[in-house]
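Below: the structure, in structure tokens.
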Amino acid sequence: MAKVAIVGGGIVGISCALALQAEGHQVTVLEPNTVGEGASWASCGCIAVGEVVPLSQPGMMMKVPGWLLDSEAPLSLRPSSALKLLPWFARFTANARPSKMRAIAADLARLTFSATADFKAQLGDIGHPEMLVERPIIKLFDDDTDKATMGAAFDLARELGCTIDEISGHEAHELDPAIAPDFKHAALLRDWSFVTDPKRLVEALHQTFLTRGGIVKRAGAAGFDREGRQVRSVKLTDGAELSVDQVVLAAGARSKGLARDLGVPIRLEGVAGYSTALSDPGVELKHTIFYPKGGFGVTPYDGALAVAGTIEFASLDAEPNWNRADVLVRRAHRVLPGLKTEAAERRIGYRPFTPDTRPIIGRSDRLDNVHFATGHGQLGLTLAATTARLVADDMAGRRRHIDIQAFSPDRFS
Ligand SMILES: Cc1cc2nc3c(=O)[nH]c(=O)nc-3n(C[C@H](O)[C@H](O)[C@H](O)COP(=O)(O)OP(=O)(O)OC[C@H]3O[C@@H](n4cnc5c(N)ncnc54)[C@H](O)[C@@H]3O)c2cc1C
């Protein structure tokens with residue numbers, strides 16, 4: 001039995017904690033804030049199996065001036081953060097070449113195709129199988145031009161094995177009558193599913209971890225004591241030290257500084273997104289719906305709806321721009337004309353993004369006992385259980401079910 005410290009109590013950290021606890025290890029999660037209230041509680045809640053085409057798209061760099069001027073665009077860049085983010089952004093856009101996009105999509109698909117089974121096993125283990133709704137999600141398009149924006153991404157996803165059925169906007173309205181009847185096109189993404197509330201999900205995982213004897217310490221990691229290739233202890237923000245046999249780095253968008261302390265430079269930035277939970281939405285929805293033109297999705301939670309999305313390149317310490325959340329809620333009326341928006345709880349989350357959109361999973365060649373589990377970008381909820389399985393297999397010295405070479409923390413050096 002090893003003493004394991006998990007740095008970060010988001011969906012990825014808490015999933016790793018449960019998986020390692022199940023192996024018989026003594027696991028402590030280090031989390032300076034409330035468990036799950038990093039990026040994880042703001043997510044759209046999708047097990048986004050087909051979301052494998054990277055966010056970096058051809059011609060992105062050309063659009064930057066427009067984003068600097070329009071803070072309400074689905075994608076925006078805060079002028080105050082632009083200089084700081086530019087080196088990361090340049091690398092990000094360098095991955096927009098078709099050959100690179102194809103390679104990234106294929107790597108991500110290897111992970112996402114395992115996600116539903118791994119996630120179901122995790123929910124079964126904690127006794128909450130009902131938290132996963134296995135129903136396709138619907139994407140909505142105003143007209144032919146709007147639909148054409150997704151054409152290349154759909155083709156690539158299909159090529160990799162995803163099932164996408166194109167239907168009319170009217171058929172989408174018949175499937176879910178709350179959807180406005182006048183969309184011209186829609187698509188059913190059949191491999192996807194969604195959870196009934198990402199915040200409740202993390203709470204349930206957290207609760208099970210505690211019930212099984214896990215420890216959550218309300219402190220962050222401030223540094224590490226190393227002896228050669230081994231981390232011997234984690235220095236905590238409250239001044240204490242935790243001696244460890246193994247460390248899992250799962251601090252989401254804050255992982256970069258900790259990785260630097262460990263001597264493993266990674267490239268990672270937080271990309272903000274916003275979510276508004278509407279507790280009296282006045283409409284019922286059976287599917288998660290996405291309106292790519294508006295940059296948001298709407299997910300049915302238990303008795304509520306969440307309007308979530310938007311991509312904002314802003315530094316981690318910038319104040320949230322709640323106007324971006326409010327814009328999404330206003331735009332949601334285009335999709336759900338009967339939507340009531342009075343009772344609203346807003347959340348912000350920084351998706352931990354690498355420039356190549358691939359997560360960072362596995363060990364560095366420089367350290368024997370540190371496992372990276374970060375950089376999941378827009379796929380952290382989807383890939384948390386799969387990442388946890390990979391980390392647990394690696395720690396146990398078992399053969400991993402997926403080749404993780406492409407996700408190595410050493411690829412940035
Ligand atoms: C609007 C929006 C919609 C999204 N929709 C989806 C979706 O539909 N499907 C999907 O799969 N993903 C989605 N995502 C992405 C997903 O939410 C993230 O990828 C995921 O939450 C990342 O989880 P994490 O555990 O790595 O990070 P986090 O949830 O951010 O957790 C990291 C934790 O580390 C802690 N921490 C920071 N510094 C330290 C330190 N020094 N010591 C210890 N702990 C520290 C933080 O407090 C935080 O709690 C969405 C994200 C957003 C914002």
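So you can find residues: chains in the structure tokens are A, B, ... in the order shown, residues in each start at 1, and ligands are numbered from 1 in order.
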Residues at most 12 Å from Pro198 of chain A, counting only C-alpha atoms, excluding those fewer than 4 positions away in the same chain, as a PDB file with C-alpha atoms, in the first residue's frame?
ATOM      1  CA  GLY A  10     -11.661  18.397  -9.618  1.00  0.00           C
ATOM      2  CA  ILE A  11     -13.392  15.641 -11.570  1.00  0.00           C
ATOM      3  CA  VAL A  35     -13.952  19.997  -4.304  1.00  0.00           C
ATOM      4  CA  GLY A  36     -15.337  20.191  -7.852  1.00  0.00           C
ATOM      5  CA  GLU A  37     -15.657  23.966  -8.028  1.00  0.00           C
ATOM      6  CA  GLY A  38     -12.759  24.473 -10.460  1.00  0.00           C
ATOM      7  CA  ALA A  39     -13.606  23.849 -14.102  1.00  0.00           C
ATOM      8  CA  SER A  40     -15.633  20.769 -13.282  1.00  0.00           C
ATOM      9  CA  TRP A  41     -18.874  22.283 -11.998  1.00  0.00           C
ATOM     10  CA  ALA A  42     -19.165  24.611 -15.014  1.00  0.00           C
ATOM     11  CA  SER A  43     -19.145  21.843 -17.613  1.00  0.00           C
ATOM     12  CA  CYS A  44     -21.995  21.090 -20.034  1.00  0.00           C
ATOM     13  CA  GLY A  45     -22.072  17.615 -18.542  1.00  0.00           C
ATOM     14  CA  CYS A  46     -21.466  15.722 -21.794  1.00  0.00           C
ATOM     15  CA  ILE A  47     -19.612  12.486 -22.260  1.00  0.00           C
ATOM     16  CA  MET A 131     -26.505   9.889 -13.266  1.00  0.00           C
ATOM     17  CA  LEU A 132     -25.692   9.021 -16.881  1.00  0.00           C
ATOM     18  CA  PHE A 194     -24.731  13.387 -20.591  1.00  0.00           C
ATOM     19  CA  VAL A 202     -18.294  15.308  -8.269  1.00  0.00           C
ATOM     20  CA  GLU A 203     -20.044  15.527  -4.898  1.00  0.00           C
ATOM     21  CA  ALA A 204     -21.130  11.874  -5.177  1.00  0.00           C
ATOM     22  CA  LEU A 205     -17.602  10.755  -6.109  1.00  0.00           C
ATOM     23  CA  SER A 275     -22.360  28.123 -17.198  1.00  0.00           C
ATOM     24  CA  ALA A 277     -27.944  26.858 -14.022  1.00  0.00           C
ATOM     25  CA  THR A 299     -28.148  20.457 -20.738  1.00  0.00           C
ATOM     26  CA  PRO A 300     -31.116  19.171 -18.728  1.00  0.00           C
ATOM     27  CA  TYR A 301     -30.103  18.833 -15.090  1.00  0.00           C
ATOM     28  CA  ASP A 302     -32.356  17.342 -12.413  1.00  0.00           C
ATOM     29  CA  ALA A 306     -27.758  24.653 -17.649  1.00  0.00           C
ATOM     30  CA  ALA A 308     -22.967  26.628 -20.783  1.00  0.00           C
ATOM     31  CA  ARG A 347     -20.411  29.468 -12.674  1.00  0.00           C
ATOM     32  CA  GLY A 380     -12.231  16.575 -18.631  1.00  0.00           C
ATOM     33  CA  LEU A 381     -15.568  15.154 -17.611  1.00  0.00           C
ATOM     34  CA  THR A 382     -15.551  12.762 -20.550  1.00  0.00           C
ATOM     35  CA  ALA A 384     -11.832  11.550 -16.045  1.00  0.00           C
TER      36      ALA A 384
END
Hey, what's within 12 Å of Glu134 of chain A if we count only C-alpha atoms and toss same-chain stuff fewer than 6 positions away? As a list in words, please? Cys46, Ile47, Ala48, Val49, Thr116, Ala117, Phe119, Lys120, Leu189, Arg190, Asp191, Trp192, Ser193, Phe194, Val195, Thr196, Lys286, His287 and Thr288 of chain A
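Distances from A:Leu140, A:Ala250, A:Val53, A:Ala172 to ligand 1 were compared using only C-alpha atoms and all ligand atoms, and the smallest one belongs to A:Ala250.
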Neighbour list for Asp107 of chain A as a ChimeraX atom specification, cut-off 9 Å, only C-alpha atoms, skip fewer than 6 positions in-chain: /A:52,358,404,406-407
I need the chosen residues saved as a compact mmCIF listing (two decimals), in the first residue's frame, with N, CA and C atoms.
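Now in part_26.txt:
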# COMPACT_ATOMS: atom_id res chain seq x y z
N VAL A 52 -13.65 15.17 -30.86
CA VAL A 52 -12.23 14.84 -31.00
C VAL A 52 -11.50 15.79 -31.93
N ARG A 358 -4.30 17.77 -26.73
CA ARG A 358 -4.18 16.44 -26.11
C ARG A 358 -4.00 16.61 -24.60
N ILE A 404 -0.50 5.53 -24.33
CA ILE A 404 -0.59 6.95 -23.94
C ILE A 404 0.66 7.75 -24.33
N ALA A 406 1.31 9.50 -26.84
CA ALA A 406 0.98 10.83 -27.42
C ALA A 406 0.61 11.85 -26.34
N PHE A 407 0.36 11.37 -25.13
CA PHE A 407 -0.09 12.28 -24.07
C PHE A 407 1.01 12.56 -23.04
Strand (DSSP E) residues, from DSSP on the backbone, in segment 143-234 of chain A, as a list in words: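 Answer for segment 143-234 of chain A, restricted to strand (DSSP E): Ile164, Asp165, Glu166, Ile167, Ser168, His185, Ala186, Ala187, Leu188, Leu189, Ser193, Phe194, Val195, Ile215, Val216, Lys217, Ala221, Ala222, Gly223, Phe224, Asp225, Arg226, Glu227, Gln230, Val231, Arg232, Ser233 and Val234 of chain A.
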All residues 9 Å or closer to Pro409 of chain A, only C-alpha atoms, same chain fewer than 3 positions away omitted, as a list in words: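 After dropping sequence-adjacent residues, the list is Val264, Pro265, Ile266, Pro359, Ile360, Ile361, Gly362, Arg363, Ser364, Asp365, Phe372, Phe412 and Ser413 of chain A.
Proximity ranking of A:Phe141, A:Cys16, A:His128, A:Asp197 relative to Gly214 of chain A places A:Cys16 first, based on only C-alpha atoms.
Contact shell of segment 149-163 of chain A at 10 Å (only C-alpha atoms; same-chain neighbours under 4 positions omitted): Val49, Gly50, Glu51, Val52, Val53, Pro54, Gln57, Met101, Arg102, Ala105, Ala106, Ala109, Arg110, Phe113, Pro136, Lys139, Phe141, Asp144, Thr145, Ala187, Leu188, Leu189, Arg190, Asp191, Trp192, Pro292 and Lys293 of chain A.
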For those residues, write C-alpha atoms to a file as an mmCIF file, in the first residue's frame.
data_model
loop_
_atom_site.group_PDB
_atom_site.id
_atom_site.type_symbol
_atom_site.label_atom_id
_atom_site.label_comp_id
_atom_site.auth_asym_id
_atom_site.auth_seq_id
_atom_site.Cartn_x
_atom_site.Cartn_y
_atom_site.Cartn_z
ATOM 1 C CA VAL A 49 -17.202 10.857 -27.319
ATOM 2 C CA GLY A 50 -17.198 12.561 -30.726
ATOM 3 C CA GLU A 51 -15.596 15.828 -29.586
ATOM 4 C CA VAL A 52 -12.234 14.840 -31.001
ATOM 5 C CA VAL A 53 -11.578 17.501 -33.618
ATOM 6 C CA PRO A 54 -9.318 20.078 -31.954
ATOM 7 C CA GLN A 57 -9.043 25.682 -36.632
ATOM 8 C CA MET A 101 -5.717 18.057 -36.742
ATOM 9 C CA ARG A 102 -6.214 14.549 -38.087
ATOM 10 C CA ALA A 105 -8.356 13.731 -33.504
ATOM 11 C CA ALA A 106 -7.187 10.125 -33.887
ATOM 12 C CA ALA A 109 -10.637 9.240 -30.252
ATOM 13 C CA ARG A 110 -8.534 6.427 -28.742
ATOM 14 C CA PHE A 113 -13.970 5.619 -27.346
ATOM 15 C CA PRO A 136 -27.792 11.384 -28.246
ATOM 16 C CA LYS A 139 -26.732 20.141 -32.725
ATOM 17 C CA PHE A 141 -28.155 24.918 -37.466
ATOM 18 C CA ASP A 144 -27.031 25.760 -45.037
ATOM 19 C CA THR A 145 -24.145 28.158 -44.340
ATOM 20 C CA ALA A 187 -27.554 16.543 -36.285
ATOM 21 C CA LEU A 188 -27.914 13.692 -33.819
ATOM 22 C CA LEU A 189 -24.573 12.757 -32.273
ATOM 23 C CA ARG A 190 -25.305 9.224 -31.244
ATOM 24 C CA ASP A 191 -22.122 8.309 -29.350
ATOM 25 C CA TRP A 192 -22.541 11.107 -26.825
ATOM 26 C CA PRO A 292 -22.555 26.030 -32.390
ATOM 27 C CA LYS A 293 -23.259 29.441 -33.915
#
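A straight line drawn from atom CA of Phe296 of chain A to atom CA of Leu379 of chain A is 15.1 Å long.
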